[in-house]
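What follows is a set of notes on a single structure, which appears directly below.
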Amino acid sequence: MMLYRLPRPQGLAAPYTPERNAVTGNGSGDSRDKAERFREAALPYLDDLYTLARYLLHDPADAEDAVQECYLRALRYFDTFRGSAIKPWLFAILRNVCRGEFARRSRAALTMDVEGGEDEDAAPMWQEPQLSPEMGMLHQRDAETIRRLVAELPDPFREAIVLREINDLSYREIADIVGVPVGTVMSRLARARSMLRQAWIAEEGTSR
Amino acid sequence: MTCNEAEILLHALLDGELDAGNAHQVETHVERCPRCAPQLRAYRELQQAMPVAQLRFTAPASLRRRIEKTLPAAPQRASSRRSVLKGFVMGTALSTAMAATLVVAVFRTDQDQRVLGDIVSAHVRSLQADHLTDVRTSDQHTVKPWFNGKVNIAPPVVDLTAKGFMLLGGRLDYIDGQVVASIVYRRRTHVINVFVAQGAASEAREAKLQTMQGFNIQRWNARGLEFFAISDINVEELREFVEKFEAALHSNSET
């Protein structure tokens, strides 16, 4: 299912050392060219990656560390990148970082990490119970409120809606990043939107 | 199509993920279905109400610097088309006390390092962001007045095209807590940024060449201003640039 050759999460948890880095390990012209190519290809996505990390990890300091670790791994494995789009590749690495050591470190992620729950993936998507969205208008809320509502969604649903709505990735790209079938992406998005809409409406109820 | 199917697929419809045939099926079902039609409306409303731009975060500058620091230095020879746009001139103006009295430079080393670090960061940032110049012209008489009212100094701008350094334009930048003028030149594919800032009046210092993260930086004082020229060109060419820059200024002031 995976289109991208991803670094193995476990093997990469070791602390980064320059000596282990194939790119920075020597100062030859080739590696400098490679570093420059990496810089030009990967750095423009810094804000995108940081955004995903903020939603996945909650804690801003953890998010910064995760993004930095993501860039270190991506640089180290830049040689293995064969796809045409580097953005989903970087996202997949960042997700591995966030789901790896940072998930264990982050209290928030620990309590909310329901990922890989068998029941959720095993159920045929057509039979997922859909919360029926309440009718009525959604009133505009400030971005801070919406950020919080998104942040409060359970893990896999939060991830799906952030990748789709905020990072603007396609179902195919999300499926590859998360490592689930496209159908699961679709059903998670449906659940995520249903929950978000309900929370949004409930928020308005409490604020009035 | 059943409602259960449509409930899921309408999200794919909203996200533009369905081909024409499937989109038509979902639309046909939703149109006639009193249960699904309000749902499509509700989720379309939700999608439109999301303030997506404001839900994004911007990475802190400190994180960007941390990451850039871990990357190998930029190559000595620039090769890409974009490299033409690379280069800043950073000037932090140091005022020269022209009196020949020997004044001990009182800048603390760590402050010097911070200023240099700022200059390298600004240089790299300008190359990356396709934001080399705010005013883009090779006419020195356009660049110089452009700075009026934007910085508290009148940075000298000279055209050195005939001397092998092409004037690309000017830019504002931010070094060590102050707005500085950047004058941007190009030598072949290399960009040279000259940063000009107001100098501290009591300090005089010798021209000094330093290297940081692979960039050569020449720092000097003149006419109450502090100059920093930074580039990835080699040391000799950077020296030559500074000499020609100063010589051109000198001859301008005489005429």
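We name chains A, B, ... following the order of the structure tokens; residues begin at 1 in each chain, and ligands are numbered from 1 as shown.
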
Starting from chain B, keep only residues with some atom at most 8 Å from an atom of chain A, counting only C-alpha atoms, and report them as a short mmCIF file (atom, residue, chain, number, x, y, z; two decimals) with C-alpha atoms, in the first residue's frame.
```cif
data_model
loop_
_atom_site.label_atom_id
_atom_site.label_comp_id
_atom_site.auth_asym_id
_atom_site.auth_seq_id
_atom_site.Cartn_x
_atom_site.Cartn_y
_atom_site.Cartn_z
CA ASN B 4 -25.38 4.55 3.82
CA GLU B 5 -23.18 4.63 0.77
CA GLU B 7 -23.43 9.39 3.41
CA ILE B 8 -19.79 8.51 2.94
CA LEU B 9 -19.47 9.29 -0.74
CA HIS B 11 -17.62 13.65 1.33
CA ALA B 12 -15.66 12.44 -1.66
CA GLU B 17 -12.39 12.99 -5.36
CA PRO B 38 -29.56 18.19 4.14
CA GLN B 39 -26.36 16.35 4.98
CA ALA B 42 -24.55 20.75 6.11
CA TYR B 43 -21.09 19.48 5.23
CA GLU B 45 -21.50 24.64 4.84
CA LEU B 46 -18.95 23.24 7.28
CA GLN B 47 -16.27 23.08 4.61
CA ALA B 49 -17.02 27.91 7.14
CA MET B 50 -13.61 26.50 8.02
CA PRO B 51 -11.19 29.42 8.23
CA VAL B 52 -8.48 27.26 6.68
CA ALA B 53 -5.86 29.95 6.29
CA GLN B 54 -6.11 30.87 9.96
CA LEU B 55 -6.04 27.27 11.08
CA ARG B 56 -2.54 26.94 9.71
CA PHE B 57 0.46 27.59 11.89
CA THR B 58 3.63 29.40 10.94
CA ALA B 59 6.86 27.80 12.05
CA LEU B 63 12.86 26.55 14.34
CA ARG B 64 13.76 27.56 10.81
CA ARG B 66 17.68 25.38 13.93
CA ILE B 67 16.86 23.35 10.85
CA THR B 70 21.68 21.25 10.64
CA LEU B 71 21.83 21.37 6.84
CA PRO B 72 25.21 21.44 5.16
CA ALA B 73 26.28 24.89 4.06
CA ALA B 74 25.15 26.11 0.68
CA PRO B 75 27.49 25.16 -2.14
CA GLN B 128 15.34 30.89 -0.41
#
```

> Can you tell me, as an MDAnalysis selection string, what residues are no more than 10 Å from region 135-148 of chain B when counting only C-alpha atoms, ignoring any on the same chain fewer than 2 positions away?
Replying inline: chainID B and resid 132:133 150:161 166:172 180:185

Create the file for the chosen residues now, containing C-alpha atoms and written as a PDB file, in the first residue's frame.
```
ATOM      1  CA  LEU B 132      16.109  39.158  -3.151  1.00  0.00           C
ATOM      2  CA  THR B 133      15.045  42.672  -3.880  1.00  0.00           C
ATOM      3  CA  LYS B 150      12.378  53.410   4.985  1.00  0.00           C
ATOM      4  CA  VAL B 151      15.623  53.411   6.882  1.00  0.00           C
ATOM      5  CA  ASN B 152      17.175  56.120   9.014  1.00  0.00           C
ATOM      6  CA  ILE B 153      20.261  56.333   6.860  1.00  0.00           C
ATOM      7  CA  ALA B 154      21.016  57.190   3.251  1.00  0.00           C
ATOM      8  CA  PRO B 155      22.878  54.113   2.067  1.00  0.00           C
ATOM      9  CA  PRO B 156      25.352  54.715  -0.707  1.00  0.00           C
ATOM     10  CA  VAL B 157      24.428  52.938  -3.913  1.00  0.00           C
ATOM     11  CA  VAL B 158      26.897  52.658  -6.759  1.00  0.00           C
ATOM     12  CA  ASP B 159      26.611  50.859 -10.046  1.00  0.00           C
ATOM     13  CA  LEU B 160      29.562  48.545 -10.485  1.00  0.00           C
ATOM     14  CA  THR B 161      28.339  46.788 -13.604  1.00  0.00           C
ATOM     15  CA  MET B 166      25.986  44.065 -11.514  1.00  0.00           C
ATOM     16  CA  LEU B 167      23.590  46.076  -9.375  1.00  0.00           C
ATOM     17  CA  LEU B 168      20.372  44.090  -8.934  1.00  0.00           C
ATOM     18  CA  GLY B 169      18.444  46.333  -6.594  1.00  0.00           C
ATOM     19  CA  GLY B 170      17.735  47.052  -2.969  1.00  0.00           C
ATOM     20  CA  ARG B 171      15.890  45.490  -0.106  1.00  0.00           C
ATOM     21  CA  LEU B 172      15.025  46.120   3.511  1.00  0.00           C
ATOM     22  CA  VAL B 180      18.891  47.938   7.621  1.00  0.00           C
ATOM     23  CA  ALA B 181      19.313  48.612   3.932  1.00  0.00           C
ATOM     24  CA  SER B 182      20.503  45.849   1.657  1.00  0.00           C
ATOM     25  CA  ILE B 183      22.052  46.589  -1.677  1.00  0.00           C
ATOM     26  CA  VAL B 184      22.190  43.578  -3.915  1.00  0.00           C
ATOM     27  CA  TYR B 185      24.843  42.834  -6.508  1.00  0.00           C
TER      28      TYR B 185
END
```

> Which is closest to Ser126 (chain B) among B:Asn193, B:Asn234, B:Gln218, B:Thr2, if we use only C-alpha atoms?
Replying inline: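 Between B:Asn193, B:Asn234, B:Gln218, B:Thr2, the residue approaching Ser126 (chain B) most closely is B:Asn193.
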
> Distance CA of Ala42 (chain A)-CA of Ala229 (chain B), one decimal place?
Replying inline: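 These two atoms are separated by 28.0 Å.
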